[in-house]
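S.K.: I am attaching a structure below and will ask some questions about it afterwards.
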Amino acid sequence: MQRVPMNDLSRALTRDHAEILRSVSGVLSSGWLVQGPEHNAFESELGELLGGPEVIGVASGTDALEIAMRAAMPAGRSVVVTAANCGGYATTAARRAGFTIRYADVDVDTHCLDPRHLDSVLDDQVGIVVVTHLYGRAADVRDVQAVCASHGALVLEDCAQAIGAATADGPVGGLADVASFSFYPTKNLGALGDGGAVAARDPAIAAAARALRQYGWTSKYTIGHDGGRNSRLDELQAAVLRLRLHGLEAGNHRRREIIAAYAASATASVRVLPAEGTGHVGHLAVVVSDRRDQLRQHLDAHGVGSDVHYPVPDHRQPAFAAEYADVSLPVTERLAGQILSVPIFPELRDDEIQQVCDALASF
Ligand SMILES: *Cc1c(COP(=O)(O)O)cnc(C)c1O
């Protein structure tokens, strides 16, 4: 029996080998290795795709989160609010920046931050609320913004899993005050290594992010912003990202098709989180089951890989769980024991998709 992998990056790399080599070769000929023409063009092309914010390339999605937090945190505030079911990236970034974190629970259907839980954690110390567009689903930024506005807090969209998702108000990444992206190889827009970006419409936030990614420089050798670092997006990565930007929409479409096929074959004991319309880009195919661990064994016995995104909520992570011992997030904690991710990437073959469908149907 063939095994269906969670991901196989070699398929796209093999298919696009010649084109990628052409892009790489162009960079070598140009003599630019950092912040050259490919990098600048990628920043403006992504900005256009997002509907106009300024884009700042950085070295990873976690760096993008940290730099966005530092750039946007209103003066006199130091608390970040986030959901606890998004893999710990916002937590890692906020802790590195020296900010305090508070957690809010998520909606049982969307798995995204629930605006109804925000009021109880917001006060005049909270400067930033992170909304993660989880699994590729555009979260409800408007409702979160409405609650935040009355408390003077800004909204940061974590778009690492949702690049290309569109809402009635425009693309994710251009909806709130600031946004972060990751180009880790398995993301919907993946580099040949690490990469990330910050997006912001406010020129002051954009300028601060631009400075913070390069030592805090406001001009060469002049440190105008404290808290800076070196986090640049390489020219080679930018060239590959520009190339892959052309295939983003087709890849996102294919991902939605795959999830629709899974949804069509699921039984009453497995709920497939829907990914319908352009407001979802199918980064992960997630199913919910009361018998998650048995489902996982069943899929494994039928040659289907799976994983859990994510098994340990942020406030229960061993490194700092003691600080959050009195925090209770009932929906987040329950979902962590019920969710299971099944294979999804655009190069998945039809026979592999069918194998996943059959395995889901026979559970
Ligand atoms: C992948 C991911 C990140 C982190 O990106 P890196 O490039 O790996 O640092 C942040 N947030 C979310 C939601 C992610 O999925």
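Labels used: A, B, ... for chains in the order of the structure tokens, numbers from 1 for residues in each chain, and numbers from 1 for ligands as shown.
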For Glu352 (chain A), find every residue with an atom within 10 Å (counting only C-alpha atoms), except residues of its own chain fewer than 3 positions away, and show them as a PyMOL selection string.

M.R.: chain A and resi 2-5+303-304+343+348-349+355-358

S.K.: Keeping only N, CA, C and O atoms, take the residues you just selected and write them out as an mmCIF file, in the first residue's frame.

M.R.:
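Generated output (out_21.cif):
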```
data_model
loop_
_atom_site.group_PDB
_atom_site.id
_atom_site.type_symbol
_atom_site.label_atom_id
_atom_site.label_comp_id
_atom_site.auth_asym_id
_atom_site.auth_seq_id
_atom_site.Cartn_x
_atom_site.Cartn_y
_atom_site.Cartn_z
ATOM 1 N N GLN A 2 0.549 2.203 -0.882
ATOM 2 C CA GLN A 2 1.338 3.438 -0.881
ATOM 3 C C GLN A 2 0.975 4.287 0.332
ATOM 4 O O GLN A 2 -0.120 4.205 0.867
ATOM 5 N N ARG A 3 1.938 5.098 0.789
ATOM 6 C CA ARG A 3 1.668 6.004 1.908
ATOM 7 C C ARG A 3 1.443 7.413 1.369
ATOM 8 O O ARG A 3 2.148 7.879 0.489
ATOM 9 N N VAL A 4 0.426 8.081 1.904
ATOM 10 C CA VAL A 4 0.156 9.465 1.508
ATOM 11 C C VAL A 4 0.846 10.376 2.519
ATOM 12 O O VAL A 4 0.478 10.367 3.698
ATOM 13 N N PRO A 5 1.841 11.139 2.059
ATOM 14 C CA PRO A 5 2.600 11.965 3.007
ATOM 15 C C PRO A 5 1.849 13.248 3.371
ATOM 16 O O PRO A 5 1.005 13.711 2.602
ATOM 17 N N GLY A 303 -2.461 3.877 5.504
ATOM 18 C CA GLY A 303 -1.392 4.520 4.748
ATOM 19 C C GLY A 303 -1.498 6.027 4.651
ATOM 20 O O GLY A 303 -0.884 6.637 3.764
ATOM 21 N N VAL A 304 -2.265 6.634 5.540
ATOM 22 C CA VAL A 304 -2.465 8.086 5.452
ATOM 23 C C VAL A 304 -1.745 8.783 6.609
ATOM 24 O O VAL A 304 -2.035 8.505 7.784
ATOM 25 N N PRO A 343 -3.271 14.976 5.070
ATOM 26 C CA PRO A 343 -2.385 15.501 4.026
ATOM 27 C C PRO A 343 -3.029 16.571 3.138
ATOM 28 O O PRO A 343 -4.173 16.417 2.695
ATOM 29 N N LEU A 348 -0.485 17.015 -4.352
ATOM 30 C CA LEU A 348 -1.091 15.736 -3.987
ATOM 31 C C LEU A 348 -1.817 15.181 -5.211
ATOM 32 O O LEU A 348 -2.549 15.902 -5.881
ATOM 33 N N ARG A 349 -1.617 13.881 -5.511
ATOM 34 C CA ARG A 349 -2.237 13.286 -6.697
ATOM 35 C C ARG A 349 -3.671 12.849 -6.408
ATOM 36 O O ARG A 349 -4.031 12.586 -5.253
ATOM 37 N N GLN A 355 -7.391 8.014 -1.631
ATOM 38 C CA GLN A 355 -6.989 7.135 -0.518
ATOM 39 C C GLN A 355 -7.331 7.774 0.830
ATOM 40 O O GLN A 355 -7.789 7.093 1.748
ATOM 41 N N VAL A 356 -7.116 9.100 0.939
ATOM 42 C CA VAL A 356 -7.467 9.798 2.181
ATOM 43 C C VAL A 356 -8.982 9.765 2.363
ATOM 44 O O VAL A 356 -9.483 9.486 3.460
ATOM 45 N N CYS A 357 -9.728 10.032 1.276
ATOM 46 C CA CYS A 357 -11.199 10.018 1.341
ATOM 47 C C CYS A 357 -11.700 8.655 1.817
ATOM 48 O O CYS A 357 -12.566 8.573 2.692
ATOM 49 N N ASP A 358 -11.162 7.583 1.226
ATOM 50 C CA ASP A 358 -11.600 6.232 1.590
ATOM 51 C C ASP A 358 -11.304 5.946 3.064
ATOM 52 O O ASP A 358 -12.123 5.347 3.764
#
```

S.K.: Can you pull out the residues contacting region 55-66 of chain A? Cut-off 8 Å, using only C-alpha atoms, and skip same-chain residues under 4 positions away; I want them as a ChimeraX atom specification.

M.R.: /A:39,43-44,46-47,70,89-90,92-94,96-97,158,160,179-184,194-200,206,209-210,213,231-234

S.K.: How about saving the chosen residues, N, CA, C and O atoms kept, as a CSV table (one decimal), in the first residue's frame?

M.R.:
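Final output, out_37.csv:
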```csv
chain,number,residue,atom,x,y,z
A,39,HIS,N,14.5,41.7,-4.2
A,39,HIS,CA,13.9,42.0,-2.9
A,39,HIS,C,12.9,43.1,-3.0
A,39,HIS,O,11.8,43.1,-2.5
A,43,GLU,N,8.8,43.1,-2.5
A,43,GLU,CA,8.0,43.9,-1.5
A,43,GLU,C,6.9,44.6,-2.2
A,43,GLU,O,5.8,44.7,-1.7
A,44,SER,N,7.2,45.2,-3.4
A,44,SER,CA,6.0,45.9,-4.0
A,44,SER,C,5.0,45.0,-4.6
A,44,SER,O,3.8,45.3,-4.6
A,46,LEU,N,4.1,42.0,-3.5
A,46,LEU,CA,3.2,41.5,-2.4
A,46,LEU,C,2.3,42.6,-1.9
A,46,LEU,O,1.1,42.4,-1.6
A,47,GLY,N,2.8,43.8,-1.8
A,47,GLY,CA,2.0,45.0,-1.4
A,47,GLY,C,0.8,45.2,-2.3
A,47,GLY,O,-0.3,45.4,-1.8
A,70,ARG,N,6.8,45.1,17.9
A,70,ARG,CA,7.6,46.2,18.4
A,70,ARG,C,7.3,47.5,17.6
A,70,ARG,O,7.3,48.6,18.2
A,89,TYR,N,3.7,30.7,18.0
A,89,TYR,CA,4.6,31.7,17.3
A,89,TYR,C,4.5,33.1,17.9
A,89,TYR,O,5.5,33.8,18.1
A,90,ALA,N,3.2,33.5,18.0
A,90,ALA,CA,3.0,34.9,18.6
A,90,ALA,C,3.5,35.0,20.0
A,90,ALA,O,4.0,36.0,20.4
A,92,THR,N,6.0,33.2,21.3
A,92,THR,CA,7.5,33.3,21.2
A,92,THR,C,7.9,34.7,20.9
A,92,THR,O,8.9,35.2,21.5
A,93,ALA,N,7.3,35.3,19.9
A,93,ALA,CA,7.6,36.7,19.4
A,93,ALA,C,7.4,37.7,20.5
A,93,ALA,O,8.3,38.5,20.8
A,94,ALA,N,6.3,37.6,21.2
A,94,ALA,CA,6.0,38.6,22.3
A,94,ALA,C,6.9,38.4,23.4
A,94,ALA,O,7.4,39.4,24.0
A,96,ARG,N,10.0,37.3,23.3
A,96,ARG,CA,11.3,37.8,22.9
A,96,ARG,C,11.3,39.3,22.9
A,96,ARG,O,12.3,40.0,23.2
A,97,ALA,N,10.2,40.0,22.6
A,97,ALA,CA,10.1,41.4,22.6
A,97,ALA,C,10.0,42.0,24.0
A,97,ALA,O,10.0,43.2,24.2
A,158,ASP,N,-1.8,37.7,11.8
A,158,ASP,CA,-0.8,36.7,11.5
A,158,ASP,C,-1.3,35.9,10.3
A,158,ASP,O,-2.2,35.1,10.4
A,160,ALA,N,0.5,34.0,8.3
A,160,ALA,CA,1.5,32.9,7.9
A,160,ALA,C,0.8,31.7,7.2
A,160,ALA,O,1.4,31.1,6.3
A,179,ALA,N,0.5,43.5,9.8
A,179,ALA,CA,0.3,42.0,9.5
A,179,ALA,C,1.7,41.4,9.4
A,179,ALA,O,2.7,42.0,9.1
A,180,SER,N,1.7,40.1,9.6
A,180,SER,CA,3.0,39.3,9.4
A,180,SER,C,2.7,38.1,8.5
A,180,SER,O,1.6,37.6,8.5
A,181,PHE,N,3.8,37.7,7.8
A,181,PHE,CA,3.7,36.6,6.9
A,181,PHE,C,5.0,35.7,7.1
A,181,PHE,O,6.0,36.2,7.5
A,182,SER,N,4.8,34.4,6.8
A,182,SER,CA,6.0,33.5,6.8
A,182,SER,C,6.1,32.9,5.4
A,182,SER,O,5.1,32.5,4.8
A,183,PHE,N,7.3,32.7,5.0
A,183,PHE,CA,7.5,32.0,3.7
A,183,PHE,C,8.3,30.7,3.9
A,183,PHE,O,9.1,30.2,3.1
A,184,TYR,N,8.2,30.1,5.1
A,184,TYR,CA,8.7,28.8,5.4
A,184,TYR,C,8.3,27.9,4.3
A,184,TYR,O,7.2,28.0,3.8
A,194,ASP,N,14.1,29.9,5.0
A,194,ASP,CA,13.3,30.8,5.8
A,194,ASP,C,13.1,32.2,5.1
A,194,ASP,O,13.9,32.6,4.3
A,195,GLY,N,11.9,32.8,5.4
A,195,GLY,CA,11.7,34.1,5.0
A,195,GLY,C,10.4,34.6,5.6
A,195,GLY,O,9.6,33.8,6.1
A,196,GLY,N,10.1,35.9,5.6
A,196,GLY,CA,8.9,36.4,6.2
A,196,GLY,C,8.7,37.9,5.7
A,196,GLY,O,9.6,38.4,5.0
A,197,ALA,N,7.6,38.5,6.1
A,197,ALA,CA,7.3,39.9,5.8
A,197,ALA,C,6.4,40.5,6.8
A,197,ALA,O,5.6,39.8,7.4
A,198,VAL,N,6.5,41.8,6.9
A,198,VAL,CA,5.6,42.6,7.7
A,198,VAL,C,4.9,43.5,6.7
A,198,VAL,O,5.4,43.9,5.7
A,199,ALA,N,3.6,43.8,6.9
A,199,ALA,CA,2.8,44.7,6.1
A,199,ALA,C,2.1,45.7,7.0
A,199,ALA,O,1.6,45.3,8.0
A,200,ALA,N,2.1,47.0,6.5
A,200,ALA,CA,1.4,48.0,7.3
A,200,ALA,C,1.1,49.1,6.4
A,200,ALA,O,1.8,49.5,5.5
A,206,ALA,N,5.3,51.2,9.3
A,206,ALA,CA,6.1,50.6,8.3
A,206,ALA,C,7.6,51.1,8.4
A,206,ALA,O,8.5,50.3,8.3
A,209,ALA,N,9.2,49.3,11.3
A,209,ALA,CA,9.5,47.9,11.0
A,209,ALA,C,10.7,47.8,10.1
A,209,ALA,O,11.6,47.0,10.3
A,210,ARG,N,10.8,48.7,9.1
A,210,ARG,CA,11.9,48.8,8.2
A,210,ARG,C,13.2,49.0,9.0
A,210,ARG,O,14.3,48.5,8.7
A,213,ARG,N,14.3,45.8,11.3
A,213,ARG,CA,14.8,44.6,10.7
A,213,ARG,C,16.3,44.8,10.4
A,213,ARG,O,17.0,43.8,10.0
A,231,SER,N,17.4,41.1,10.5
A,231,SER,CA,16.5,40.1,10.0
A,231,SER,C,16.1,40.5,8.6
A,231,SER,O,15.1,41.2,8.3
A,232,ARG,N,16.9,40.1,7.6
A,232,ARG,CA,16.7,40.5,6.2
A,232,ARG,C,16.2,39.3,5.4
A,232,ARG,O,16.4,38.2,5.7
A,233,LEU,N,15.5,39.6,4.3
A,233,LEU,CA,15.0,38.6,3.3
A,233,LEU,C,16.0,38.6,2.2
A,233,LEU,O,16.3,39.6,1.5
A,234,ASP,N,16.7,37.4,2.0
A,234,ASP,CA,17.8,37.3,1.0
A,234,ASP,C,17.3,37.5,-0.4
A,234,ASP,O,16.1,37.2,-0.7
```

S.K.: What's around Ile258 (chain A) at 12 Å? Count only C-alpha atoms, leave out sequence neighbours fewer than 3 positions away in its own chain, and write the answer as a ChimeraX atom specification.

M.R.: /A:251-255,261-265,272,274-276,281-286,342-357

S.K.: For Leu340 (chain A), please output as an MDAnalysis selection string all residues within 10 Å (counting only C-alpha atoms; exclusion window: fewer than 3 positions along the same chain).

M.R.: chainID A and resid 270 272 284:289 292:293 295:296 306:311 335:337

S.K.: Work out how far CA of Glu48 (chain A) is from CA of Gly152 (chain A), in Å to one decimal.

M.R.: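 Result for CA of Gly152 (chain A) versus CA of Glu48 (chain A): 28.4 Å, one decimal.
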
S.K.: List every residue of region 118-282 of chain A that DSSP, applied to the backbone, labels as helix (DSSP H, G or I), and write the result as a PyMOL selection string.

M.R.: chain A and resi 134-136+141-149+203-212+235-245+248-265

S.K.: Output as a PyMOL selection string all residues of region 116-340 of chain A that backbone DSSP marks as strand (DSSP E or B).

M.R.: chain A and resi 126-132+137+154-158+166-167+170-171+178-182+196-200+214+217-219+222-223+230+234+271-272+280+285-288+304+307+339-340

S.K.: Find the residue from A:Arg271, A:His280, A:His246, A:Arg137 that sits nearest to ligand 1; use only C-alpha atoms and all ligand atoms when measuring.

M.R.: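 So, comparing all the options, the nearest one is A:Arg137.
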
S.K.: Report as CSV: every residue of region 125-209 of chain A with an atom at most 12 Å from region 112-115 of chain A, its closest pair of atoms, and their distance in Å to one decimal, counting only C-alpha atoms, with rows sorted by chain and ascending residue number.

M.R.:
```
residue,atom,partner,partner_atom,distance
A:Val129,CA,A:Leu113,CA,9.7
A:Val130,CA,A:Leu113,CA,8.6
A:Val131,CA,A:Leu113,CA,6.4
A:Thr132,CA,A:Cys112,CA,6.8
A:His133,CA,A:Cys112,CA,7.0
A:Leu134,CA,A:Cys112,CA,6.3
A:Tyr135,CA,A:Cys112,CA,9.3
A:Gly136,CA,A:Cys112,CA,10.6
A:Arg137,CA,A:Cys112,CA,8.5
A:Ala138,CA,A:Cys112,CA,8.9
A:Ala139,CA,A:Cys112,CA,6.1
A:Asp140,CA,A:Cys112,CA,8.1
A:Val141,CA,A:Pro115,CA,8.9
A:Arg142,CA,A:Pro115,CA,9.4
A:Asp143,CA,A:Pro115,CA,6.2
A:Val144,CA,A:Pro115,CA,5.2
A:Gln145,CA,A:Pro115,CA,8.8
A:Ala146,CA,A:Pro115,CA,8.9
A:Val147,CA,A:Pro115,CA,7.1
A:Cys148,CA,A:Pro115,CA,9.2
A:Val155,CA,A:Leu113,CA,11.9
A:Glu157,CA,A:Leu113,CA,11.2
A:Asp158,CA,A:Cys112,CA,11.3
```

S.K.: Compare A:Ala162, A:Ala359, A:Leu329, A:Ala204 by their minimum atom-to-atom distance to ligand 1, counting only C-alpha atoms and all ligand atoms, and give me the closest one.

M.R.: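 Between A:Ala162, A:Ala359, A:Leu329, A:Ala204, the residue approaching ligand 1 most closely is A:Ala162.
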
S.K.: Using only C-alpha atoms and all ligand atoms, find the one residue out of A:Ala153, A:Leu28, A:Ile67, A:Val121 that sits nearest to ligand 1.

M.R.: A:Ile67

S.K.: Please provide the set of residues having any atom within 9 Å of His315 (chain A), restricted to only C-alpha atoms, with same-chain residues fewer than 2 positions apart removed, written as a VMD selection string.

M.R.: chain A and resid 84 88 103 312 to 313 317 to 318 320 to 325 327 to 329

S.K.: Considering only C-alpha atoms and all ligand atoms, can you say which of A:Leu192, A:Val126, A:Ala176, A:Leu154 comes closest to ligand 1?

M.R.: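 Comparing A:Leu192, A:Val126, A:Ala176, A:Leu154 against ligand 1, the winner is A:Leu192.
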
S.K.: Report the distance between CA of Gly190 (chain A) and CA of Leu299 (chain A) in Å, rounded to one decimal place.

M.R.: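 That distance, rounded to one decimal, is 27.2 Å.
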
S.K.: May I have the residues within 12 Å of Arg242 (chain A) as a list of chain:residue names, using only C-alpha atoms and disregarding those fewer than 3 positions away in the same chain?

M.R.: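 With the cut-off at 12 Å, the set is A:Glu19, A:Ile20, A:Ser23, A:Val24, A:Pro37, A:Glu38, A:His39, A:Asn40, A:Ala41, A:Phe42, A:Glu43, A:Ser44, A:Glu45, A:Leu46, A:Leu49, A:Phe183, A:Leu189, A:Gly190, A:Ala191, A:Glu235, A:Leu236, A:Gln237, A:Ala238, A:Ala239, A:Leu245, A:His246, A:Gly247, A:Leu248.
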
S.K.: Please produce a file of those selected residues containing N, CA, C and O atoms, as a tab-separated table (two decimals), in the first residue's frame.

M.R.:
```
chain	number	residue	atom	x	y	z
A	19	GLU	N	12.94	26.53	-13.94
A	19	GLU	CA	12.56	27.93	-13.68
A	19	GLU	C	13.28	28.48	-12.45
A	19	GLU	O	13.72	29.64	-12.44
A	20	ILE	N	13.36	27.64	-11.40
A	20	ILE	CA	14.03	28.08	-10.17
A	20	ILE	C	15.50	28.38	-10.48
A	20	ILE	O	16.05	29.41	-10.06
A	23	SER	N	15.89	31.71	-12.05
A	23	SER	CA	15.79	32.81	-11.08
A	23	SER	C	17.08	32.95	-10.28
A	23	SER	O	17.59	34.05	-10.08
A	24	VAL	N	17.59	31.80	-9.83
A	24	VAL	CA	18.83	31.82	-9.04
A	24	VAL	C	19.97	32.37	-9.88
A	24	VAL	O	20.77	33.21	-9.43
A	37	PRO	N	17.42	44.29	-6.25
A	37	PRO	CA	16.23	44.50	-7.08
A	37	PRO	C	15.14	43.44	-6.90
A	37	PRO	O	13.95	43.78	-6.93
A	38	GLU	N	15.50	42.17	-6.71
A	38	GLU	CA	14.48	41.13	-6.52
A	38	GLU	C	13.72	41.36	-5.21
A	38	GLU	O	12.50	41.25	-5.15
A	39	HIS	N	14.46	41.68	-4.18
A	39	HIS	CA	13.86	41.96	-2.87
A	39	HIS	C	12.91	43.15	-2.96
A	39	HIS	O	11.76	43.09	-2.49
A	40	ASN	N	13.35	44.20	-3.60
A	40	ASN	CA	12.51	45.41	-3.70
A	40	ASN	C	11.25	45.13	-4.54
A	40	ASN	O	10.16	45.57	-4.19
A	41	ALA	N	11.44	44.38	-5.63
A	41	ALA	CA	10.29	44.06	-6.49
A	41	ALA	C	9.31	43.16	-5.75
A	41	ALA	O	8.09	43.33	-5.86
A	42	PHE	N	9.83	42.21	-4.98
A	42	PHE	CA	8.93	41.33	-4.22
A	42	PHE	C	8.13	42.13	-3.20
A	42	PHE	O	6.92	41.92	-3.06
A	43	GLU	N	8.78	43.05	-2.52
A	43	GLU	CA	8.05	43.88	-1.54
A	43	GLU	C	6.89	44.62	-2.23
A	43	GLU	O	5.78	44.67	-1.70
A	44	SER	N	7.15	45.19	-3.41
A	44	SER	CA	6.05	45.95	-4.02
A	44	SER	C	4.99	45.03	-4.63
A	44	SER	O	3.80	45.34	-4.57
A	45	GLU	N	5.41	43.88	-5.17
A	45	GLU	CA	4.41	42.95	-5.74
A	45	GLU	C	3.50	42.37	-4.66
A	45	GLU	O	2.29	42.26	-4.86
A	46	LEU	N	4.07	42.04	-3.52
A	46	LEU	CA	3.23	41.52	-2.43
A	46	LEU	C	2.32	42.63	-1.89
A	46	LEU	O	1.14	42.38	-1.60
A	49	LEU	N	-0.63	42.80	-4.14
A	49	LEU	CA	-1.52	41.67	-3.91
A	49	LEU	C	-2.38	41.88	-2.66
A	49	LEU	O	-3.51	41.43	-2.59
A	183	PHE	N	7.30	32.69	4.96
A	183	PHE	CA	7.55	31.99	3.70
A	183	PHE	C	8.34	30.70	3.94
A	183	PHE	O	9.09	30.25	3.07
A	189	LEU	N	2.87	30.09	0.20
A	189	LEU	CA	3.93	30.72	-0.59
A	189	LEU	C	5.23	30.42	0.15
A	189	LEU	O	5.53	31.04	1.17
A	190	GLY	N	5.99	29.46	-0.36
A	190	GLY	CA	7.17	28.99	0.36
A	190	GLY	C	8.47	29.36	-0.34
A	190	GLY	O	8.56	29.30	-1.57
A	191	ALA	N	9.49	29.70	0.43
A	191	ALA	CA	10.82	29.99	-0.11
A	191	ALA	C	11.64	28.70	-0.12
A	191	ALA	O	11.13	27.61	0.17
A	235	GLU	N	18.15	38.01	-1.22
A	235	GLU	CA	17.83	38.25	-2.63
A	235	GLU	C	17.42	36.95	-3.35
A	235	GLU	O	16.48	36.93	-4.14
A	236	LEU	N	18.13	35.85	-3.03
A	236	LEU	CA	17.79	34.56	-3.66
A	236	LEU	C	16.38	34.12	-3.28
A	236	LEU	O	15.62	33.66	-4.13
A	237	GLN	N	16.04	34.27	-2.01
A	237	GLN	CA	14.69	33.88	-1.58
A	237	GLN	C	13.65	34.78	-2.24
A	237	GLN	O	12.60	34.29	-2.67
A	238	ALA	N	13.93	36.06	-2.32
A	238	ALA	CA	12.98	36.99	-2.93
A	238	ALA	C	12.74	36.62	-4.40
A	238	ALA	O	11.60	36.66	-4.88
A	239	ALA	N	13.80	36.23	-5.10
A	239	ALA	CA	13.65	35.87	-6.52
A	239	ALA	C	12.76	34.64	-6.66
A	239	ALA	O	11.88	34.58	-7.53
A	245	LEU	N	4.98	33.41	-6.64
A	245	LEU	CA	3.79	34.25	-6.49
A	245	LEU	C	2.82	33.99	-7.65
A	245	LEU	O	1.60	34.02	-7.47
A	246	HIS	N	3.36	33.67	-8.85
A	246	HIS	CA	2.50	33.42	-10.01
A	246	HIS	C	1.62	32.18	-9.83
A	246	HIS	O	0.56	32.09	-10.42
A	247	GLY	N	2.10	31.22	-9.03
A	247	GLY	CA	1.34	29.98	-8.86
A	247	GLY	C	0.50	29.95	-7.60
A	247	GLY	O	-0.18	28.95	-7.32
A	248	LEU	N	0.51	31.06	-6.85
A	248	LEU	CA	-0.17	31.06	-5.54
A	248	LEU	C	-1.66	30.79	-5.66
A	248	LEU	O	-2.21	29.93	-4.96
```

S.K.: I'd like the contact shell of Thr218 (chain A) - 12 Å cut-off, only C-alpha atoms, skipping same-chain residues fewer than 3 positions apart - returned as a list in words.

M.R.: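 What passes the distance filter is Ala204, Ala206, Ala207, Ala208, Ala209, Arg210, Ala211, Leu212, Arg213, Gln214, Tyr215, Tyr221, Thr222, Ile223, Gly224, His225, Asp226 and Gly228 of chain A.
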